[in-house]
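S.K.: Before anything else, here's the structure in question.
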Amino acid sequence: MALDDTRNKILSVADNLFGRFGFHKTSMDEIAKIARKAKGSLYYHFANKEELFKEVVSKEIVNFKDQLSVIISDSDLSASGKIKTYLTRRMEILNDAANYHETIKADFFEHFDFIDDLRNELDEWEKRNLKKIILQGVETNEFVVVGDIDVLLDVFIMVIKGLEIPFFLQNKYKKYSPYFDGLIGILTKGLAT
């Protein structure tokens with residue numbers, strides 16, 4: 001129990017510091033000091049700063065998936081309602097995911113290879129789940145898929161990930177979030193029969 005408490009305390013402090021100062025400006029010494037743990041405790045739980053950061057980002061991704069899974073499995077929503085709710089909520093969650101922003105920023109300046117597997121797995125998770133929503137819409141005659149659905153989903157993921165840069169790194173989320181409904185309307189009309 002005490003080991004879990006120590007690990008959780010380290011993760012909490014690291015989440016806060018990485019989110020506030022970024023990966024490079026946060027040191028293991030600083031994390032240990034603020035967590036009031038010996039530096040050895042950090043290295044007992046995490047081999048290095050990269051592993052600790054990866055775990056922090058992983059927790060953000062688990063939160064992301066948990067919240068979006070509720071929308072995907074909501075049997076009361078139509079497919080277009082799910083797409084709209086999913087995309088709006090997706091951007092809200094990511095807006096608050098400061099450490100995920102750090103991985104986006106790293107793609108421009110230096111790539112965090114140690115995080116690639118998390119990001120690739122997230123892309124695949126999103127494709128699988130968006131495919132479920134689109135196929136639900138096809139089954140209910142709400143959507144028609146023209147062409148290869150997997151290619152469509154690849155392009156779709158590229159488009160929504162392309163929005164992440166201006167929204168979260170250039171701080172344009174608040175400015176443009178009121179226009180999500182219009183953007184999502186274009187998307188759902190494009191899928192509609």
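Chain labels follow the order of the structure tokens: the first chain is A, the next B, and so on; residue numbering restarts at 1 in every chain, and ligands are counted from 1 in their shown order.
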Just asking: which residues within stretch 29-107 of chain A are alpha helix (DSSP H) according to DSSP, as number ranges by chain?

M.R.: A: 29-35, 39-45, 49-72, 79-95, 98-107

S.K.: Just write the chosen residues, C-alpha atoms, as an mmCIF file, in the first residue's frame.

M.R.:
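Result file selection_12.cif:
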data_model
loop_
_atom_site.group_PDB
_atom_site.id
_atom_site.type_symbol
_atom_site.label_atom_id
_atom_site.label_comp_id
_atom_site.auth_asym_id
_atom_site.auth_seq_id
_atom_site.Cartn_x
_atom_site.Cartn_y
_atom_site.Cartn_z
ATOM 1 C CA ASP A 29 15.402 16.264 -8.554
ATOM 2 C CA GLU A 30 12.561 18.771 -8.634
ATOM 3 C CA ILE A 31 9.929 16.020 -8.751
ATOM 4 C CA ALA A 32 11.540 14.278 -5.769
ATOM 5 C CA LYS A 33 11.769 17.529 -3.810
ATOM 6 C CA ILE A 34 8.127 18.525 -4.339
ATOM 7 C CA ALA A 35 6.865 14.975 -3.787
ATOM 8 C CA LYS A 39 15.323 10.617 -5.446
ATOM 9 C CA GLY A 40 15.946 6.879 -5.081
ATOM 10 C CA SER A 41 12.178 6.394 -4.673
ATOM 11 C CA LEU A 42 11.632 7.878 -8.115
ATOM 12 C CA TYR A 43 14.168 5.516 -9.646
ATOM 13 C CA TYR A 44 12.694 2.581 -7.736
ATOM 14 C CA HIS A 45 9.356 3.168 -9.500
ATOM 15 C CA LYS A 49 12.489 10.603 -16.623
ATOM 16 C CA GLU A 50 11.274 9.301 -20.002
ATOM 17 C CA GLU A 51 9.528 6.345 -18.368
ATOM 18 C CA LEU A 52 7.924 8.632 -15.779
ATOM 19 C CA PHE A 53 6.714 11.046 -18.477
ATOM 20 C CA LYS A 54 5.393 8.146 -20.550
ATOM 21 C CA GLU A 55 3.381 6.939 -17.554
ATOM 22 C CA VAL A 56 1.961 10.434 -16.996
ATOM 23 C CA VAL A 57 0.918 10.694 -20.653
ATOM 24 C CA SER A 58 -0.448 7.153 -20.507
ATOM 25 C CA LYS A 59 -2.740 8.164 -17.631
ATOM 26 C CA GLU A 60 -4.045 11.089 -19.719
ATOM 27 C CA ILE A 61 -4.719 8.714 -22.606
ATOM 28 C CA VAL A 62 -6.555 6.252 -20.342
ATOM 29 C CA ASN A 63 -8.734 9.131 -19.103
ATOM 30 C CA PHE A 64 -9.322 10.177 -22.719
ATOM 31 C CA LYS A 65 -10.394 6.664 -23.742
ATOM 32 C CA ASP A 66 -12.584 6.171 -20.665
ATOM 33 C CA GLN A 67 -14.524 9.370 -21.289
ATOM 34 C CA LEU A 68 -14.961 8.755 -25.009
ATOM 35 C CA SER A 69 -15.937 5.090 -24.511
ATOM 36 C CA VAL A 70 -19.041 6.274 -22.672
ATOM 37 C CA ILE A 71 -20.120 8.181 -25.789
ATOM 38 C CA ILE A 72 -19.326 5.302 -28.150
ATOM 39 C CA ALA A 79 -24.510 7.814 -35.101
ATOM 40 C CA SER A 80 -24.402 11.514 -36.044
ATOM 41 C CA GLY A 81 -25.080 12.401 -32.396
ATOM 42 C CA LYS A 82 -22.195 10.173 -31.354
ATOM 43 C CA ILE A 83 -19.825 11.725 -33.905
ATOM 44 C CA LYS A 84 -20.788 15.222 -32.781
ATOM 45 C CA THR A 85 -20.510 14.427 -29.074
ATOM 46 C CA TYR A 86 -17.312 12.408 -29.571
ATOM 47 C CA LEU A 87 -15.490 15.128 -31.507
ATOM 48 C CA THR A 88 -16.579 17.937 -29.200
ATOM 49 C CA ARG A 89 -15.666 15.979 -26.084
ATOM 50 C CA ARG A 90 -12.403 14.783 -27.675
ATOM 51 C CA MET A 91 -11.187 18.331 -28.096
ATOM 52 C CA GLU A 92 -12.364 19.341 -24.605
ATOM 53 C CA ILE A 93 -10.428 16.458 -23.041
ATOM 54 C CA LEU A 94 -7.295 17.169 -25.055
ATOM 55 C CA ASN A 95 -7.518 20.857 -24.229
ATOM 56 C CA ALA A 98 -1.188 19.441 -20.868
ATOM 57 C CA ASN A 99 1.253 16.561 -21.091
ATOM 58 C CA TYR A 100 -0.268 15.331 -24.333
ATOM 59 C CA HIS A 101 0.335 18.865 -25.654
ATOM 60 C CA GLU A 102 3.998 18.366 -24.797
ATOM 61 C CA THR A 103 4.118 15.325 -27.112
ATOM 62 C CA ILE A 104 2.577 17.397 -29.931
ATOM 63 C CA LYS A 105 5.143 20.142 -29.350
ATOM 64 C CA ALA A 106 7.932 17.561 -29.415
ATOM 65 C CA ASP A 107 6.926 16.520 -32.921
#

S.K.: In terms of the shortest atom-to-atom distance over only C-alpha atoms, which of A:Asp154, A:Asn120, A:Ala97, A:Ile134 is closest to A:Leu169?

M.R.: A:Ala97

S.K.: To one decimal in Å, tell me the separation between atom CA of A:Lys131 and atom CA of A:Gly182.

M.R.: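 If I compute the distance from atom CA of A:Lys131 to atom CA of A:Gly182, I get 21.5 Å.
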
S.K.: So how far away is atom CA of A:Ala2 from atom CA of A:Met28, in Å?

M.R.: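 Between atom CA of A:Met28 and atom CA of A:Ala2 the gap works out to 20.4 Å.
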
S.K.: My list of candidates is A:Phe168, A:Phe156, A:Phe23, A:Phe18. Which is closest to A:Thr188 when distances are computed with only C-alpha atoms?

M.R.: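 Of A:Phe168, A:Phe156, A:Phe23, A:Phe18, the one nearest A:Thr188, counting only C-alpha atoms, is A:Phe156.
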